[in-house]
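Peer 1: This structure is in structure tokens; I'll ask about it shortly.
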Amino acid sequence: MESLPSGLGRRHPGLLTLLEEVARRNELLVLDGGAISDQAGTGTELKAFAGIPLYGDRGELLGVLAAVDSTERSWSGRNLQNLRDLATACAAEVSLRTSEAGAHDARRGAEQAQHEAEEATGRARAGQAELQGRLGRFELLLRAAEMLADTSGLEEVRHTVGELVSGDLKPAFVGLTLREDQGALYRAVDTAVGPVPLEAAVPFYNLRDAWPSAQAARENRVVDVPDRQALVDGYDPQTVSVFDAMGLRSAVCVPLPGTQQPTLGALVVAWDEPHEVNLQERAVLTMIAGYTAMAVERALHLDSRISVARQLQRAMLTELPTVPGLELAALYRPAAQGEMVGGDWYDAYRLPEAAGKHGRSLAFTVGDVTGHSMHAATLMGQARSMLRQADMDRSGSPASAVTSLEYANMQLDTGISGTLVHAHLMPQADGRWQLRWTNAGHPAPLLARPNRDIEYLAEHDRLMFPGLMPPDGRTVHERVLLPGDVLLLHTDGLVEHRSRDVEQGTALAALHLKAIADWGGEVEPLLRTLADTLAGDDHCDDVVLFALRVT
């Protein structure tokens with residue numbers, strides 16, 4: 001730990017000393033103001049410090065990640081766990097970028113070598129072929145570093161590995177075997193081409209089974225099967241029969257090095273003729289396996305976080321209540337890009353029955369919390385719960401419930417921002433329903449009445465943001481809904497699309513809604529039609545729809 005950026009060093013004298021102490025202790029270091037002064041001297045303005053060392057896949061110290069504050073604060077367990085998670089991600093990214101820089105340097109060296117070889121063509125034609133081969137290997141490694149660094153999900157990693165190895169080494173098969181818990185292995189399938197016979201016949205197997213890939217993962221070494229006889233001599237008949245069914249005659253299995261465990265699995269490369277892997281091919285495959293392992297770890301971490309966020313998000317989507325006199329339907333579709341976990345939600349629930357009323361009112365909400373992450377999904381859950389609680393406690397107007405949510409958000413410093421429409425629907429004596437709603441910067445609900453033009457309920461206040469509550473309070477708007485009326489609420493993912501502007505998307509939604517109001521039909525199929533037609537299969541944001549019809 002030699003230096004800090006000059007500006008940071010001037011603002012926080014003594015910070016370098018604290019970072020060096022983290023590196024020296026080789027563990028997480030959390031200090032308050034007094035302890036910071038003891039370590040860094042009395043000249044520092046820092047009041048809170050938390051630092052953790054970053055290590056590469058070979059255990060080497062890469063640096064220190066630290067969070068500092070010039071005001072007194074305590075670090076919660078969640079803060080520290082987030083710091084540990086971020087340190088793991090940072091270390092993996094630094095290691096990957098370092099490898100990529102090495103590949104760039106190698107390519108420059110290879111290009112220089114090629115230039116020198118071209119100058120000496122007349123004297124050393126025999127050496128030119130070797131230099132060309134070296135350049136090809138360097139270029140392959142460069143492509144591997146660049147392409148695998150750009151992958152995100154496990155499916156993309158699997159497809160990229162197949163493309164990389166197939167292009168230069170010309171094998172008949174490229175496979176990827178990954179470890180699960182308790183010694184289980186599974187064959188990752190390239191979904192772009194579907195499973196080959198090997199992957200279909202034995203999709204799962206054990207680390208102790210007599211397969212070359214299991215041996216490579218178990219013993220953490222390269223396993224070379226140069227011909228069919230070596231396969232017969234070293235492995236069981238099932239292995240031989242599957243290889244024969246695919247026409248494979250040789251293979252090499254390279255372990256994928258892990259950071260949390262010795263191996264993550266194995267890279268499998270097989271040929272349809274005897275093939276003994278030479279030293280150069282072994283070195284190239286070993287480096288590609290290293291790049292692949294880093295990409296797999298990153299993909300597994302991302303896939304796990306996305307899966308948890310999706311489960312959290314879906315768990316909070318309400319089962320719609322049964323309300324006499326109303327037909328309700330809702331739909332949620334996640335973004336086509338797996339990593340785009342958002343804060344879109346809908347909710348609907350009955351309110352406590354008030355004296356003198358004609359039955360229990362219905363409250364419903366469609367909202368969109370800012371962001372696309374696990375954090376956004378968590379904030380969505382908090383907003384949903386706080387709004388429900390406000391409705392149950394106050395049973396007043398929808399505006400007062402949203403105001404209570406905003407006040408709690410500000411006092412508890414939860415950091416919720418975004419848009420929503422929150423409404424109350426109250427039954428009337430003659431079969432009509434009184435709709436009262438407030439809109440915090442959300443896309444306008446659409447109201448369709450039989451044989452009448454669509455009404456855009458466009459009145460709205462400013463969006464939700466901590467500290468920016470409307471000075472005059474939120475506005476309540478009212479309409480009376482008659483039998484046959486259909487109301488649609490949606491998030492912006494429905495109408496935003498790269499092929500058209502928002503106004504065109506909203507107009508298309510209105511046409512579909514009017515057809516249902518004029519000609520009848522259930523609202524649930526309408527929502528599926530809207531999502532299929534307007535959002536499509538490649539929508540880049542979550543889509544939430546909520547509709548009701550007065551029956």
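Letters A, B, ... go to the chains of the structure tokens in the order shown; residues in each chain start at 1; ligands are counted from 1 in the same order.
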Do a neighbour search on range 71-84 of chain A at 10 Å with only C-alpha atoms, toss out local chain neighbours closer than 4 positions, and write the hits as a PyMOL selection string.
Peer 2: chain A and resi 28+30-33+45-54+65-67+88-90
Peer 1: Can you write out the residues you just picked, keeping C-alpha atoms, as a PDB file, in the first residue's frame?
Peer 2:
ATOM      1  CA  LEU A  28     -11.746  -6.739   8.548  1.00  0.00           C
ATOM      2  CA  VAL A  30     -13.766  -1.427  12.040  1.00  0.00           C
ATOM      3  CA  LEU A  31     -12.836   1.751  13.958  1.00  0.00           C
ATOM      4  CA  ASP A  32     -14.682   4.672  15.547  1.00  0.00           C
ATOM      5  CA  GLY A  33     -13.377   8.211  16.068  1.00  0.00           C
ATOM      6  CA  GLU A  45     -11.212  14.312  10.357  1.00  0.00           C
ATOM      7  CA  LEU A  46     -12.440  10.747   9.937  1.00  0.00           C
ATOM      8  CA  LYS A  47     -14.998   9.587  12.519  1.00  0.00           C
ATOM      9  CA  ALA A  48     -15.850   6.119  11.160  1.00  0.00           C
ATOM     10  CA  PHE A  49     -13.798   3.586   9.217  1.00  0.00           C
ATOM     11  CA  ALA A  50     -14.390   0.053   7.967  1.00  0.00           C
ATOM     12  CA  GLY A  51     -11.797  -1.660   5.759  1.00  0.00           C
ATOM     13  CA  ILE A  52     -11.292  -5.157   4.372  1.00  0.00           C
ATOM     14  CA  PRO A  53      -8.379  -6.628   2.372  1.00  0.00           C
ATOM     15  CA  LEU A  54      -8.846  -7.792  -1.240  1.00  0.00           C
ATOM     16  CA  LEU A  65     -11.531  -1.711   0.155  1.00  0.00           C
ATOM     17  CA  ALA A  66     -12.657   0.816   2.773  1.00  0.00           C
ATOM     18  CA  ALA A  67     -15.744   2.820   3.692  1.00  0.00           C
ATOM     19  CA  THR A  88     -15.437 -10.344  -3.098  1.00  0.00           C
ATOM     20  CA  ALA A  89     -16.860  -8.814  -6.293  1.00  0.00           C
ATOM     21  CA  CYS A  90     -14.084  -6.196  -6.466  1.00  0.00           C
TER      22      CYS A  90
END
Peer 1: As a ChimeraX atom specification, which residues of range 378-550 of chain A does DSSP assign to strand (DSSP E)?
Peer 2: /A:418-427,433-440,446-448,455-456,477-481,486-490,543-550
Peer 1: Create the file for the chosen residues now, containing N, CA and C atoms and written as a compact mmCIF listing (two decimals), in the first residue's frame.
Peer 2:
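part_37.txt written:
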# COMPACT_ATOMS: atom_id res chain seq x y z
N GLY A 418 -39.90 6.93 -6.31
CA GLY A 418 -40.56 6.29 -7.44
C GLY A 418 -41.93 6.89 -7.69
N THR A 419 -42.80 6.12 -8.35
CA THR A 419 -44.13 6.58 -8.71
C THR A 419 -45.16 5.54 -8.29
N LEU A 420 -46.40 5.99 -8.15
CA LEU A 420 -47.48 5.04 -7.86
C LEU A 420 -48.82 5.71 -8.10
N VAL A 421 -49.82 4.87 -8.30
CA VAL A 421 -51.23 5.27 -8.22
C VAL A 421 -51.85 4.44 -7.11
N HIS A 422 -52.46 5.12 -6.14
CA HIS A 422 -53.12 4.42 -5.04
C HIS A 422 -54.58 4.87 -5.02
N ALA A 423 -55.50 3.89 -4.94
CA ALA A 423 -56.92 4.20 -5.10
C ALA A 423 -57.76 3.44 -4.08
N HIS A 424 -58.93 4.03 -3.78
CA HIS A 424 -59.98 3.38 -2.99
C HIS A 424 -61.23 3.32 -3.86
N LEU A 425 -61.88 2.17 -3.83
CA LEU A 425 -63.11 1.98 -4.61
C LEU A 425 -64.22 1.59 -3.65
N MET A 426 -65.24 2.46 -3.53
CA MET A 426 -66.29 2.30 -2.51
C MET A 426 -67.62 1.96 -3.16
N PRO A 427 -68.29 0.88 -2.71
CA PRO A 427 -69.58 0.51 -3.29
C PRO A 427 -70.66 1.53 -2.93
N TRP A 433 -69.90 2.40 -8.22
CA TRP A 433 -68.72 2.42 -7.34
C TRP A 433 -68.07 3.80 -7.43
N GLN A 434 -67.74 4.34 -6.28
CA GLN A 434 -67.03 5.63 -6.27
C GLN A 434 -65.53 5.37 -6.24
N LEU A 435 -64.85 5.86 -7.25
CA LEU A 435 -63.39 5.72 -7.36
C LEU A 435 -62.73 6.99 -6.86
N ARG A 436 -61.83 6.85 -5.89
CA ARG A 436 -61.03 7.97 -5.40
C ARG A 436 -59.55 7.55 -5.50
N TRP A 437 -58.70 8.39 -6.08
CA TRP A 437 -57.31 8.00 -6.26
C TRP A 437 -56.38 9.21 -6.15
N THR A 438 -55.14 8.91 -5.91
CA THR A 438 -54.08 9.92 -5.95
C THR A 438 -52.95 9.36 -6.78
N ASN A 439 -52.29 10.23 -7.54
CA ASN A 439 -51.25 9.79 -8.48
C ASN A 439 -49.95 10.53 -8.16
N ALA A 440 -48.92 9.76 -7.81
CA ALA A 440 -47.60 10.32 -7.51
C ALA A 440 -46.70 10.11 -8.72
N LEU A 446 -56.18 4.31 -17.36
CA LEU A 446 -57.10 4.43 -18.50
C LEU A 446 -58.47 3.92 -18.08
N LEU A 447 -59.51 4.71 -18.34
CA LEU A 447 -60.88 4.34 -18.00
C LEU A 447 -61.68 4.18 -19.28
N ALA A 448 -62.21 2.98 -19.49
CA ALA A 448 -63.02 2.69 -20.68
C ALA A 448 -64.47 2.49 -20.26
N GLU A 455 -61.01 7.55 -21.42
CA GLU A 455 -60.64 8.70 -20.61
C GLU A 455 -59.28 8.42 -19.97
N TYR A 456 -58.35 9.34 -20.19
CA TYR A 456 -57.03 9.25 -19.57
C TYR A 456 -57.08 10.01 -18.24
N HIS A 477 -58.57 12.58 -6.52
CA HIS A 477 -59.45 12.75 -7.68
C HIS A 477 -60.58 11.71 -7.59
N GLU A 478 -61.70 11.99 -8.23
CA GLU A 478 -62.86 11.11 -8.09
C GLU A 478 -63.55 10.89 -9.44
N ARG A 479 -64.06 9.68 -9.60
CA ARG A 479 -64.96 9.34 -10.70
C ARG A 479 -65.99 8.35 -10.15
N VAL A 480 -67.13 8.25 -10.81
CA VAL A 480 -68.12 7.22 -10.48
C VAL A 480 -68.07 6.18 -11.59
N LEU A 481 -67.86 4.92 -11.21
CA LEU A 481 -67.80 3.83 -12.16
C LEU A 481 -69.15 3.14 -12.25
N VAL A 486 -64.40 -0.32 -17.39
CA VAL A 486 -63.15 -1.06 -17.20
C VAL A 486 -62.04 -0.05 -16.91
N LEU A 487 -61.28 -0.29 -15.85
CA LEU A 487 -60.18 0.58 -15.45
C LEU A 487 -58.87 -0.20 -15.56
N LEU A 488 -57.84 0.43 -16.16
CA LEU A 488 -56.53 -0.21 -16.34
C LEU A 488 -55.45 0.67 -15.72
N LEU A 489 -54.62 0.07 -14.85
CA LEU A 489 -53.42 0.69 -14.32
C LEU A 489 -52.22 -0.11 -14.80
N HIS A 490 -51.10 0.57 -15.06
CA HIS A 490 -49.92 -0.14 -15.58
C HIS A 490 -48.66 0.62 -15.20
N VAL A 543 -42.97 -5.37 -16.26
CA VAL A 543 -44.31 -4.94 -16.69
C VAL A 543 -45.31 -5.38 -15.62
N VAL A 544 -46.07 -4.42 -15.10
CA VAL A 544 -47.14 -4.70 -14.15
C VAL A 544 -48.44 -4.12 -14.70
N LEU A 545 -49.50 -4.93 -14.70
CA LEU A 545 -50.82 -4.50 -15.15
C LEU A 545 -51.84 -4.87 -14.08
N PHE A 546 -52.81 -3.98 -13.86
CA PHE A 546 -53.92 -4.25 -12.95
C PHE A 546 -55.18 -3.69 -13.61
N ALA A 547 -56.22 -4.52 -13.69
CA ALA A 547 -57.46 -4.08 -14.33
C ALA A 547 -58.65 -4.53 -13.49
N LEU A 548 -59.72 -3.73 -13.56
CA LEU A 548 -60.97 -4.13 -12.92
C LEU A 548 -62.13 -3.71 -13.80
N ARG A 549 -63.20 -4.49 -13.73
CA ARG A 549 -64.43 -4.18 -14.45
C ARG A 549 -65.58 -4.20 -13.43
N VAL A 550 -66.47 -3.24 -13.57
CA VAL A 550 -67.69 -3.24 -12.76
C VAL A 550 -68.69 -4.15 -13.47
Peer 1: CA of Gly359 in chain A and CA of Asp391 in chain A, how far apart in Å?
Peer 2: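 Computing the Euclidean distance for CA of Asp391 in chain A and CA of Gly359 in chain A yields 16.4 Å.
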Peer 1: Sort by chain and increasing residue number a table of all residues of range 130-204 of chain A within 10 Å of range 229-245 of chain A, each with its closest pair of atoms and their distance in Å to one decimal, counting only C-alpha atoms, and write it as a Markdown table.
Peer 2:
| residue | atom | partner | partner_atom | distance |
| --- | --- | --- | --- | --- |
| A:Pro197 | CA | A:Val242 | CA | 7.5 |
| A:Leu198 | CA | A:Val242 | CA | 6.1 |
| A:Glu199 | CA | A:Val242 | CA | 9.7 |
| A:Ala201 | CA | A:Val242 | CA | 7.7 |
| A:Val202 | CA | A:Val242 | CA | 8.8 |
Peer 1: Which residues are near range 403-417 of chain A? Cut-off 8 Å, only C-alpha atoms, ignore same chain within fewer than 2 positions. Put them as a list in words.
Peer 2: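 My reading of the contact set: Val369, Thr370, Leu379, Met380, Ala383, Met386, Leu387, Ala390, Ala399, Ser400, Ala401, Thr419, Leu463, Met464, Phe465, Pro466, Gly467, Met469, Gly473 and Arg474 of chain A.
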Peer 1: Atoms to include: N, CA and C atoms. Write the selected residues as a short mmCIF file (atom, residue, chain, number, x, y, z; two decimals), in the first residue's frame.
Peer 2:
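Here's the written file selection29.cif:
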data_model
loop_
_atom_site.label_atom_id
_atom_site.label_comp_id
_atom_site.auth_asym_id
_atom_site.auth_seq_id
_atom_site.Cartn_x
_atom_site.Cartn_y
_atom_site.Cartn_z
N VAL A 369 -40.91 1.44 -7.83
CA VAL A 369 -39.81 1.99 -7.04
C VAL A 369 -38.59 2.16 -7.94
N THR A 370 -37.89 3.26 -7.79
CA THR A 370 -36.74 3.56 -8.63
C THR A 370 -35.65 2.51 -8.49
N LEU A 379 -36.90 -2.38 -1.32
CA LEU A 379 -37.61 -1.13 -1.03
C LEU A 379 -39.07 -1.23 -1.46
N MET A 380 -39.31 -1.91 -2.57
CA MET A 380 -40.69 -2.12 -3.01
C MET A 380 -41.49 -2.83 -1.92
N ALA A 383 -42.26 -0.36 0.85
CA ALA A 383 -43.30 0.61 0.46
C ALA A 383 -44.67 -0.04 0.49
N MET A 386 -45.76 -0.49 4.19
CA MET A 386 -46.08 0.77 4.86
C MET A 386 -47.40 1.35 4.35
N LEU A 387 -47.65 1.21 3.04
CA LEU A 387 -48.90 1.73 2.48
C LEU A 387 -50.09 0.93 3.00
N ALA A 390 -50.73 2.06 6.54
CA ALA A 390 -51.36 3.38 6.58
C ALA A 390 -52.85 3.29 6.29
N ALA A 399 -54.96 9.62 -0.56
CA ALA A 399 -53.89 10.61 -0.44
C ALA A 399 -53.28 10.59 0.96
N SER A 400 -54.12 10.44 2.00
CA SER A 400 -53.58 10.42 3.36
C SER A 400 -52.72 9.19 3.59
N ALA A 401 -53.09 8.07 2.96
CA ALA A 401 -52.27 6.86 3.09
C ALA A 401 -50.90 7.07 2.44
N THR A 419 -42.80 6.12 -8.35
CA THR A 419 -44.13 6.58 -8.71
C THR A 419 -45.16 5.54 -8.29
N LEU A 463 -43.74 12.97 -8.17
CA LEU A 463 -43.39 11.61 -7.76
C LEU A 463 -42.92 11.58 -6.31
N MET A 464 -42.78 10.39 -5.76
CA MET A 464 -42.28 10.24 -4.40
C MET A 464 -40.77 10.38 -4.40
N PHE A 465 -40.27 11.20 -3.49
CA PHE A 465 -38.83 11.33 -3.28
C PHE A 465 -38.63 11.87 -1.87
N PRO A 466 -37.69 11.30 -1.11
CA PRO A 466 -37.51 11.75 0.28
C PRO A 466 -37.28 13.25 0.37
N GLY A 467 -38.08 13.90 1.19
CA GLY A 467 -37.94 15.34 1.40
C GLY A 467 -38.64 16.21 0.38
N MET A 469 -42.11 16.11 -0.46
CA MET A 469 -43.56 15.95 -0.38
C MET A 469 -44.24 17.22 -0.88
N GLY A 473 -50.05 19.10 0.14
CA GLY A 473 -50.61 17.77 0.30
C GLY A 473 -50.94 17.14 -1.04
N ARG A 474 -51.16 15.86 -1.03
CA ARG A 474 -51.48 15.14 -2.26
C ARG A 474 -52.97 15.30 -2.60
#
Peer 1: Looking only at the backbone, which of the residues in range 154-384 of chain A does DSSP tag as helix (DSSP H, G or I), as JSON, numbers by chain?
Peer 2: {"A": [154, 155, 156, 157, 158, 159, 160, 161, 162, 163, 164, 165, 166, 167, 168, 169, 181, 182, 183, 197, 198, 199, 200, 201, 212, 213, 214, 215, 216, 217, 218, 219, 228, 229, 230, 231, 232, 233, 234, 237, 238, 239, 240, 241, 242, 243, 244, 245, 279, 280, 281, 282, 283, 284, 285, 286, 287, 288, 289, 290, 291, 292, 293, 294, 295, 296, 297, 298, 299, 300, 301, 302, 303, 304, 305, 306, 307, 308, 309, 310, 311, 312, 313, 314, 315, 374, 375, 376, 377, 378, 379, 380, 381, 382, 383, 384]}
Peer 1: Output C-alpha atoms for every residue in that selection, as an mmCIF file, in the first residue's frame.
Peer 2:
data_model
loop_
_atom_site.group_PDB
_atom_site.id
_atom_site.type_symbol
_atom_site.label_atom_id
_atom_site.label_comp_id
_atom_site.auth_asym_id
_atom_site.auth_seq_id
_atom_site.Cartn_x
_atom_site.Cartn_y
_atom_site.Cartn_z
ATOM 1 C CA LEU A 154 -24.226 -18.849 -16.730
ATOM 2 C CA GLU A 155 -25.940 -19.595 -20.063
ATOM 3 C CA GLU A 156 -23.915 -16.845 -21.727
ATOM 4 C CA VAL A 157 -20.681 -18.204 -20.210
ATOM 5 C CA ARG A 158 -21.457 -21.686 -21.535
ATOM 6 C CA HIS A 159 -22.195 -20.443 -25.058
ATOM 7 C CA THR A 160 -19.099 -18.204 -25.138
ATOM 8 C CA VAL A 161 -16.774 -21.025 -24.058
ATOM 9 C CA GLY A 162 -18.144 -23.245 -26.823
ATOM 10 C CA GLU A 163 -17.550 -20.539 -29.436
ATOM 11 C CA LEU A 164 -14.021 -19.778 -28.225
ATOM 12 C CA VAL A 165 -12.661 -23.305 -28.134
ATOM 13 C CA SER A 166 -14.501 -24.583 -31.217
ATOM 14 C CA GLY A 167 -13.063 -21.902 -33.472
ATOM 15 C CA ASP A 168 -9.330 -22.487 -32.984
ATOM 16 C CA LEU A 169 -8.739 -26.023 -31.688
ATOM 17 C CA ASP A 181 -23.214 -29.248 -3.318
ATOM 18 C CA GLN A 182 -22.069 -32.564 -1.799
ATOM 19 C CA GLY A 183 -19.991 -33.748 -4.716
ATOM 20 C CA PRO A 197 -26.133 -37.035 -26.568
ATOM 21 C CA LEU A 198 -23.503 -36.904 -23.809
ATOM 22 C CA GLU A 199 -25.384 -34.133 -21.977
ATOM 23 C CA ALA A 200 -28.759 -35.797 -22.529
ATOM 24 C CA ALA A 201 -27.653 -39.315 -21.515
ATOM 25 C CA PRO A 212 -12.540 -37.986 -17.200
ATOM 26 C CA SER A 213 -14.266 -34.714 -16.282
ATOM 27 C CA ALA A 214 -15.045 -35.982 -12.764
ATOM 28 C CA GLN A 215 -11.417 -37.026 -12.362
ATOM 29 C CA ALA A 216 -10.180 -33.592 -13.449
ATOM 30 C CA ALA A 217 -12.512 -31.830 -11.013
ATOM 31 C CA ARG A 218 -11.774 -34.294 -8.198
ATOM 32 C CA GLU A 219 -7.976 -34.347 -8.536
ATOM 33 C CA ARG A 228 -10.130 -44.708 -27.463
ATOM 34 C CA GLN A 229 -7.896 -47.361 -25.897
ATOM 35 C CA ALA A 230 -6.945 -44.968 -23.095
ATOM 36 C CA LEU A 231 -10.658 -44.449 -22.489
ATOM 37 C CA VAL A 232 -11.300 -48.221 -22.382
ATOM 38 C CA ASP A 233 -8.358 -48.805 -20.026
ATOM 39 C CA GLY A 234 -9.124 -46.005 -17.597
ATOM 40 C CA PRO A 237 -18.104 -49.099 -20.096
ATOM 41 C CA GLN A 238 -20.849 -46.427 -19.856
ATOM 42 C CA THR A 239 -18.277 -43.711 -20.480
ATOM 43 C CA VAL A 240 -16.929 -45.589 -23.492
ATOM 44 C CA SER A 241 -20.392 -46.227 -24.937
ATOM 45 C CA VAL A 242 -21.445 -42.570 -24.680
ATOM 46 C CA PHE A 243 -18.199 -41.428 -26.331
ATOM 47 C CA ASP A 244 -18.727 -44.019 -29.071
ATOM 48 C CA ALA A 245 -22.315 -42.852 -29.638
ATOM 49 C CA LEU A 279 2.328 -28.361 -24.412
ATOM 50 C CA GLN A 280 1.089 -25.224 -26.174
ATOM 51 C CA GLU A 281 -2.523 -26.465 -26.387
ATOM 52 C CA ARG A 282 -2.425 -27.504 -22.737
ATOM 53 C CA ALA A 283 -1.229 -24.032 -21.716
ATOM 54 C CA VAL A 284 -3.927 -22.316 -23.799
ATOM 55 C CA LEU A 285 -6.703 -24.542 -22.442
ATOM 56 C CA THR A 286 -5.479 -24.040 -18.879
ATOM 57 C CA MET A 287 -5.646 -20.259 -19.277
ATOM 58 C CA ILE A 288 -9.082 -20.419 -20.924
ATOM 59 C CA ALA A 289 -10.260 -22.620 -18.041
ATOM 60 C CA GLY A 290 -9.011 -19.941 -15.633
ATOM 61 C CA TYR A 291 -10.909 -17.188 -17.448
ATOM 62 C CA THR A 292 -13.961 -19.446 -17.584
ATOM 63 C CA ALA A 293 -13.785 -20.151 -13.847
ATOM 64 C CA MET A 294 -13.783 -16.428 -13.033
ATOM 65 C CA ALA A 295 -16.729 -15.869 -15.357
ATOM 66 C CA VAL A 296 -18.600 -18.850 -13.831
ATOM 67 C CA GLU A 297 -18.104 -17.578 -10.285
ATOM 68 C CA ARG A 298 -19.319 -14.134 -11.267
ATOM 69 C CA ALA A 299 -22.309 -15.600 -13.130
ATOM 70 C CA LEU A 300 -23.270 -17.911 -10.246
ATOM 71 C CA HIS A 301 -23.087 -14.999 -7.813
ATOM 72 C CA LEU A 302 -25.211 -12.798 -10.075
ATOM 73 C CA ASP A 303 -27.702 -15.581 -10.859
ATOM 74 C CA SER A 304 -28.085 -16.283 -7.144
ATOM 75 C CA ARG A 305 -28.784 -12.634 -6.319
ATOM 76 C CA ILE A 306 -31.251 -12.319 -9.191
ATOM 77 C CA SER A 307 -33.029 -15.513 -8.143
ATOM 78 C CA VAL A 308 -33.406 -14.272 -4.571
ATOM 79 C CA ALA A 309 -34.653 -10.891 -5.786
ATOM 80 C CA ARG A 310 -37.167 -12.504 -8.154
ATOM 81 C CA GLN A 311 -38.474 -14.743 -5.356
ATOM 82 C CA LEU A 312 -38.749 -11.751 -3.038
ATOM 83 C CA GLN A 313 -40.560 -9.750 -5.690
ATOM 84 C CA ARG A 314 -42.999 -12.523 -6.603
ATOM 85 C CA ALA A 315 -43.690 -13.302 -2.936
ATOM 86 C CA MET A 374 -32.066 -6.431 -5.177
ATOM 87 C CA HIS A 375 -32.219 -3.169 -3.225
ATOM 88 C CA ALA A 376 -35.060 -1.859 -5.400
ATOM 89 C CA ALA A 377 -37.050 -5.069 -4.843
ATOM 90 C CA THR A 378 -36.477 -4.764 -1.079
ATOM 91 C CA LEU A 379 -37.608 -1.132 -1.031
ATOM 92 C CA MET A 380 -40.695 -2.121 -3.007
ATOM 93 C CA GLY A 381 -41.609 -4.583 -0.252
ATOM 94 C CA GLN A 382 -41.172 -1.896 2.398
ATOM 95 C CA ALA A 383 -43.296 0.608 0.461
ATOM 96 C CA ARG A 384 -46.049 -1.960 -0.047
#
Peer 1: Of the candidates A:Asp542, A:Gly431, A:His275, A:Tyr186, which shows the shortest atom-to-atom distance to Ser373 in chain A, using only C-alpha atoms?
Peer 2: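 Looking only at the distances to Ser373 in chain A, the closest residue turns out to be A:Asp542.
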Peer 1: From the list A:Arg462, A:Ala329, A:Thr491, A:Leu142, which residue is nearest Pro445 in chain A when using only C-alpha atoms?
Peer 2: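 Ranked by minimum distance to Pro445 in chain A, first place goes to A:Thr491.
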Peer 1: Quick one, how far is CA of Gly59 in chain A from CA of Asp105 in chain A?
Peer 2: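 Result for CA of Gly59 in chain A versus CA of Asp105 in chain A: 23.2 Å, one decimal.
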Peer 1: Report, in Å to a single decimal, how far apart CA of Gly493 in chain A and CA of Leu508 in chain A are.
Peer 2: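 Separating CA of Leu508 in chain A from CA of Gly493 in chain A is a distance of 13.9 Å.
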Peer 1: Counting only C-alpha atoms, which of A:Glu503, A:Glu139, A:Glu327, A:Glu459 gets nearest to Glu100 in chain A?
Peer 2: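 When distances to Glu100 in chain A are compared using only C-alpha atoms, the smallest one comes from A:Glu139.
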Peer 1: Excluding same-chain residues fewer than 6 positions from Gly102 in chain A, what lies within 10 Å of it counting only C-alpha atoms, as a PyMOL selection string?
Peer 2: chain A and resi 96+108+141-142+145
Peer 1: Mind dumping the selected residues with N, CA and C atoms as a PDB file, in the first residue's frame?
Peer 2:
ATOM      1  N   LEU A  96      -9.742 -10.355 -12.859  1.00  0.00           N
ATOM      2  CA  LEU A  96     -10.111 -10.527 -14.261  1.00  0.00           C
ATOM      3  C   LEU A  96      -9.468  -9.453 -15.131  1.00  0.00           C
ATOM      4  N   ARG A 108       0.423  -7.782 -27.845  1.00  0.00           N
ATOM      5  CA  ARG A 108       1.407  -6.831 -28.370  1.00  0.00           C
ATOM      6  C   ARG A 108       2.750  -7.518 -28.613  1.00  0.00           C
ATOM      7  N   LEU A 141      -6.339 -16.265 -26.543  1.00  0.00           N
ATOM      8  CA  LEU A 141      -6.374 -15.893 -25.127  1.00  0.00           C
ATOM      9  C   LEU A 141      -6.931 -14.489 -24.949  1.00  0.00           C
ATOM     10  N   LEU A 142      -6.556 -13.594 -25.842  1.00  0.00           N
ATOM     11  CA  LEU A 142      -7.106 -12.235 -25.761  1.00  0.00           C
ATOM     12  C   LEU A 142      -8.612 -12.247 -25.947  1.00  0.00           C
ATOM     13  N   ALA A 145     -10.247 -13.627 -22.803  1.00  0.00           N
ATOM     14  CA  ALA A 145     -10.298 -12.659 -21.701  1.00  0.00           C
ATOM     15  C   ALA A 145     -11.377 -11.613 -21.939  1.00  0.00           C
TER      16      ALA A 145
END
